[in-house]
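**Q** Structure provided below as structure tokens; questions to follow.
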Amino acid sequence: MLLSRAMIRAAALAGLLAAAACSAPAAPTEPSAPAPPPEPAAPPPPPDPAAIGANELGDVPVLMYHRITPDPSSVYDRTPEDFRAELERLADEDYVPVTATEYATGKIDIPAGKHPVVLTFDDGSASQFTLDSSGEPAPGTAIRILLSVAEAHPDFRPTATLYVFDPPFEEPGGHRTLTWLHEHGFEIGNHTVDHPNLGNVSATEAQREIAGMQRVINEALPDVPVNSMALPLGVHPDAEALASSGSADGVSYRHSSVMLVGSNPAPSPFSSDFDPANIPRIRSQGPEGEGADYGSTKWLDKLAADPDSRYTSDGDPTKVSAPQAASTEPAPHVGNLHRY
């Protein structure tokens, strides 16, 4: 059968349309959702407490510093070089700084096998902390040195508790200095307004001194609790409880720890010997000089020679571990005690 010219043209047009349809791009499809990220691996469980000699009923060194100066004028002063050397020693001997409040409330969350140490600074002198023109801790100050040591020893946490009177760090109001310290993980404690011997003033005046300093701190750091106090000269008011709580001029205060000017390590917060209103401290001091037998060098030597006597973390903040042989009795509130 012969095809007409019109039929041939129609067939050709149909072929062209079919080819165009085949080559048309496919309709866009919705992109598939990205795969969820993998779950982070669970942290390894803490080691067996017996394997690391955990003893959370052991003693804790609470070290007391005053001025850090190239020209010491009393046994309370340390040179920057001596201060750095002591921090290096603490880092090398597996100590980890915690704040006074973390220690006193038993919130000692440090790695297994490490030992807590509380670094405390009294008086709030500019040698301890001041800011340079760039807003950073000034060279040679205690905080700058502490940050430097912590940078070289990543497990050595850069924190401390600084007890201030008025004006803090020689800055009227202390707004810049106290704000920087709080924002960088340091604790601010109360050291009264004028640093009086609280045993020589009335109960009313003692409360005014303590509440007045809390007011100064909270004007710089609104809503930041002041949980710890260091007694000027280590002396309580005649009514000892007023160091822990009281009020004056519309300001109330309550401290979970009150620091003495002691001369020996402090008991574990889980020990029956622990008294939050009378926490002993060790003055930072070299091996020589007046009272050196009660200073930090001699006490750190003793703790190193008798490691079973010091607090060693089990790495698990949910329980308290101690060997059966530990002679220290736990406090009545310690419920999750693991003996091995």
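Residues in the structure tokens are numbered from 1 in each chain, the chains being A, B, ... in the order shown, and ligands are numbered from 1 in the order shown.
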With only C-alpha atoms counted and 12 Å as the cut-off, give the residues of range 217-286 of chain A in contact with range 181-201 of chain A, each with its shortest interatomic distance in Å and the pair that gives it, as a Markdown table.
**A**
| residue | atom | partner | partner_atom | distance |
| --- | --- | --- | --- | --- |
| A:Ile217 | CA | A:Ile188 | CA | 8.0 |
| A:Asn218 | CA | A:Ile188 | CA | 10.2 |
| A:Ala220 | CA | A:His182 | CA | 10.2 |
| A:Leu221 | CA | A:His182 | CA | 8.1 |
| A:Pro222 | CA | A:His182 | CA | 11.2 |
| A:Asp223 | CA | A:His182 | CA | 11.8 |
| A:Val224 | CA | A:His182 | CA | 8.7 |
| A:Pro225 | CA | A:Ile188 | CA | 9.0 |
| A:Val226 | CA | A:Gly189 | CA | 5.9 |
| A:Asn227 | CA | A:Gly189 | CA | 6.8 |
| A:Ser228 | CA | A:Gly189 | CA | 5.1 |
| A:Met229 | CA | A:Asn190 | CA | 4.6 |
| A:Ala230 | CA | A:His191 | CA | 5.4 |
| A:Leu231 | CA | A:His191 | CA | 6.3 |
| A:Pro232 | CA | A:His195 | CA | 5.5 |
| A:Leu233 | CA | A:Asn197 | CA | 6.5 |
| A:Gly234 | CA | A:Asn197 | CA | 8.3 |
| A:Val235 | CA | A:Gly199 | CA | 6.0 |
| A:His236 | CA | A:Gly199 | CA | 5.8 |
| A:Pro237 | CA | A:Gly199 | CA | 4.5 |
| A:Asp238 | CA | A:Gly199 | CA | 5.5 |
| A:Ala239 | CA | A:Gly199 | CA | 8.7 |
| A:Glu240 | CA | A:Gly199 | CA | 9.2 |
| A:Leu242 | CA | A:Leu198 | CA | 9.9 |
| A:Ala243 | CA | A:Leu198 | CA | 9.0 |
| A:Ser244 | CA | A:Asn190 | CA | 10.9 |
| A:Tyr253 | CA | A:Asn190 | CA | 9.9 |
| A:Arg254 | CA | A:Asn190 | CA | 10.7 |
| A:His255 | CA | A:Asn190 | CA | 9.1 |
| A:Ser256 | CA | A:Gly189 | CA | 10.9 |
| A:Ser257 | CA | A:Gly189 | CA | 9.8 |
| A:Val258 | CA | A:Asn190 | CA | 9.4 |
| A:Met259 | CA | A:His191 | CA | 9.8 |
| A:Leu260 | CA | A:His191 | CA | 11.3 |
**Q** Can you list, as a ChimeraX atom specification, every protein, DNA or RNA residue that comes within 12 Å of Pro72 in chain A when you count only C-alpha atoms, leaving out same-chain residues fewer than 6 positions away?
**A** /A:66,78-83,127,285
**Q** Point out the residue among A:Glu88, A:Glu209, A:Asp94, A:Asp109 with the least atom-to-atom distance to Ala152 in chain A, counting only C-alpha atoms.
**A**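 Comparing A:Glu88, A:Glu209, A:Asp94, A:Asp109 against Ala152 in chain A, the winner is A:Glu88.
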**Q** Under the rule that only C-alpha atoms are counted, which of A:Tyr294, A:Asp155, A:Arg208, A:His338 is the nearest residue to Gly113 in chain A?
**A**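 Using only C-alpha atoms, the shortest distance to Gly113 in chain A belongs to A:Asp155.
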**Q** Just how far from CA of Ile143 in chain A is CA of Ala126 in chain A, in Å to one decimal?
**A**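 Interatomic distance, CA of Ala126 in chain A to CA of Ile143 in chain A: 10.4 Å.
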**Q** Check the DSSP output for the backbone and give back, as a PyMOL selection string, the residues of range 44-252 of chain A in strand (DSSP E).
**A** chain A and resi 62-65+95-98+115-123+161-164+187-190+228-230+245-248+251-252
**Q** Would you save the residues from that selection as a CSV table (one decimal), in the first residue's frame, using C-alpha atoms?
**A**
chain,number,residue,atom,x,y,z
A,62,VAL,CA,43.5,23.8,101.7
A,63,LEU,CA,46.3,26.2,100.9
A,64,MET,CA,46.3,29.8,102.0
A,65,TYR,CA,48.1,32.6,100.1
A,95,TYR,CA,46.4,17.4,92.5
A,96,VAL,CA,43.4,19.2,90.9
A,97,PRO,CA,42.1,22.5,92.2
A,98,VAL,CA,38.5,22.8,93.4
A,115,HIS,CA,43.6,14.5,94.6
A,116,PRO,CA,41.6,17.7,95.4
A,117,VAL,CA,43.4,20.8,96.5
A,118,VAL,CA,41.7,24.1,97.5
A,119,LEU,CA,43.7,27.3,96.5
A,120,THR,CA,42.6,30.2,98.7
A,121,PHE,CA,43.8,33.8,98.6
A,122,ASP,CA,43.1,36.3,101.4
A,123,ASP,CA,42.8,40.1,101.3
A,161,THR,CA,38.6,31.0,95.9
A,162,LEU,CA,39.6,34.6,96.6
A,163,TYR,CA,38.5,36.2,99.9
A,164,VAL,CA,38.2,39.9,99.5
A,187,GLU,CA,34.9,31.9,93.4
A,188,ILE,CA,34.6,35.1,95.4
A,189,GLY,CA,34.5,34.8,99.1
A,190,ASN,CA,33.8,37.2,102.0
A,228,SER,CA,32.3,31.0,101.7
A,229,MET,CA,34.0,33.2,104.3
A,230,ALA,CA,37.6,33.4,105.5
A,245,SER,CA,24.9,33.1,109.0
A,246,GLY,CA,23.4,36.5,110.0
A,247,SER,CA,22.1,39.8,108.7
A,248,ALA,CA,22.6,43.5,108.9
A,251,VAL,CA,21.5,42.0,103.8
A,252,SER,CA,21.4,38.4,104.9
**Q** So, counting only C-alpha atoms, which residue among A:Gln324, A:Ser272, A:Ser133, A:Ser263 is closest to Gly295 in chain A?
**A**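 The shortest atom-to-atom distance to Gly295 in chain A comes from A:Ser263.
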**Q** Using only C-alpha atoms, pick whichever of A:Arg157, A:Arg339, A:Arg283, A:Lys107 has the shortest atom-to-atom distance to Leu90 in chain A.
**A**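 Using only C-alpha atoms, the shortest distance to Leu90 in chain A belongs to A:Arg157.
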**Q** CA of Lys319 in chain A to CA of Leu303 in chain A: how many Å, to one decimal?
**A**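 Rounded to one decimal, the two atoms are 23.6 Å apart.
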**Q** Residues within 7 Å of Gln128 in chain A, please, as an NGL selection string. Count only C-alpha atoms; anything in the same chain fewer than 6 positions from it doesn't count.
**A** :A and (67-68 or 141-143)
**Q** Could the residues in this selection be saved with C-alpha atoms as a CSV table (one decimal), in the first residue's frame?
**A**
chain,number,residue,atom,x,y,z
A,67,ARG,CA,50.7,38.6,98.6
A,68,ILE,CA,52.7,37.3,95.6
A,141,THR,CA,50.0,38.2,89.4
A,142,ALA,CA,48.9,35.0,91.0
A,143,ILE,CA,46.0,34.4,88.6
**Q** Neighbours of Asn264 in chain A within 10 Å (only C-alpha atoms; same-chain residues fewer than 2 positions away dropped), as a list of chain:residue names?
**A**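 In the requested format, the answer is A:Asp59, A:Val60, A:Pro61, A:Val62, A:Leu63, A:Val261, A:Gly262, A:Ala266, A:Pro267, A:Ile279, A:Pro280, A:Arg281, A:Ile282, A:Arg283, A:Asp293, A:Tyr294, A:Gly295, A:Ser296, A:Trp299.
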**Q** What does the distance from CA of Phe270 in chain A to CA of Leu57 in chain A come to in Å, to one decimal?
**A**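 Result for CA of Phe270 in chain A versus CA of Leu57 in chain A: 6.1 Å, one decimal.
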**Q** Going by DSSP on the backbone, which residues of range 28-137 of chain A come out as helix (DSSP H, G or I)? List them as JSON, numbers by chain.
**A** {"A": [49, 50, 51, 52, 80, 81, 82, 83, 84, 85, 86, 87, 88, 89, 90, 91, 92, 100, 101, 102, 103, 104]}
**Q** Give me, as a PyMOL selection string, all polymer residues having an atom no more than 9 Å from Asp273 in chain A, counting only C-alpha atoms and skipping those fewer than 6 positions away in the same chain.
**A** chain A and resi 267+328-331
**Q** Convert the current residue selection to file output with C-alpha atoms, as a PDB file, in the first residue's frame.
**A**
ATOM      1  CA  PRO A 267      39.314  16.507 106.689  1.00  0.00           C
ATOM      2  CA  THR A 328      38.336   7.744 109.427  1.00  0.00           C
ATOM      3  CA  GLU A 329      34.657   7.313 110.140  1.00  0.00           C
ATOM      4  CA  PRO A 330      32.208   8.589 107.509  1.00  0.00           C
ATOM      5  CA  ALA A 331      29.801  11.376 108.390  1.00  0.00           C
TER       6      ALA A 331
END
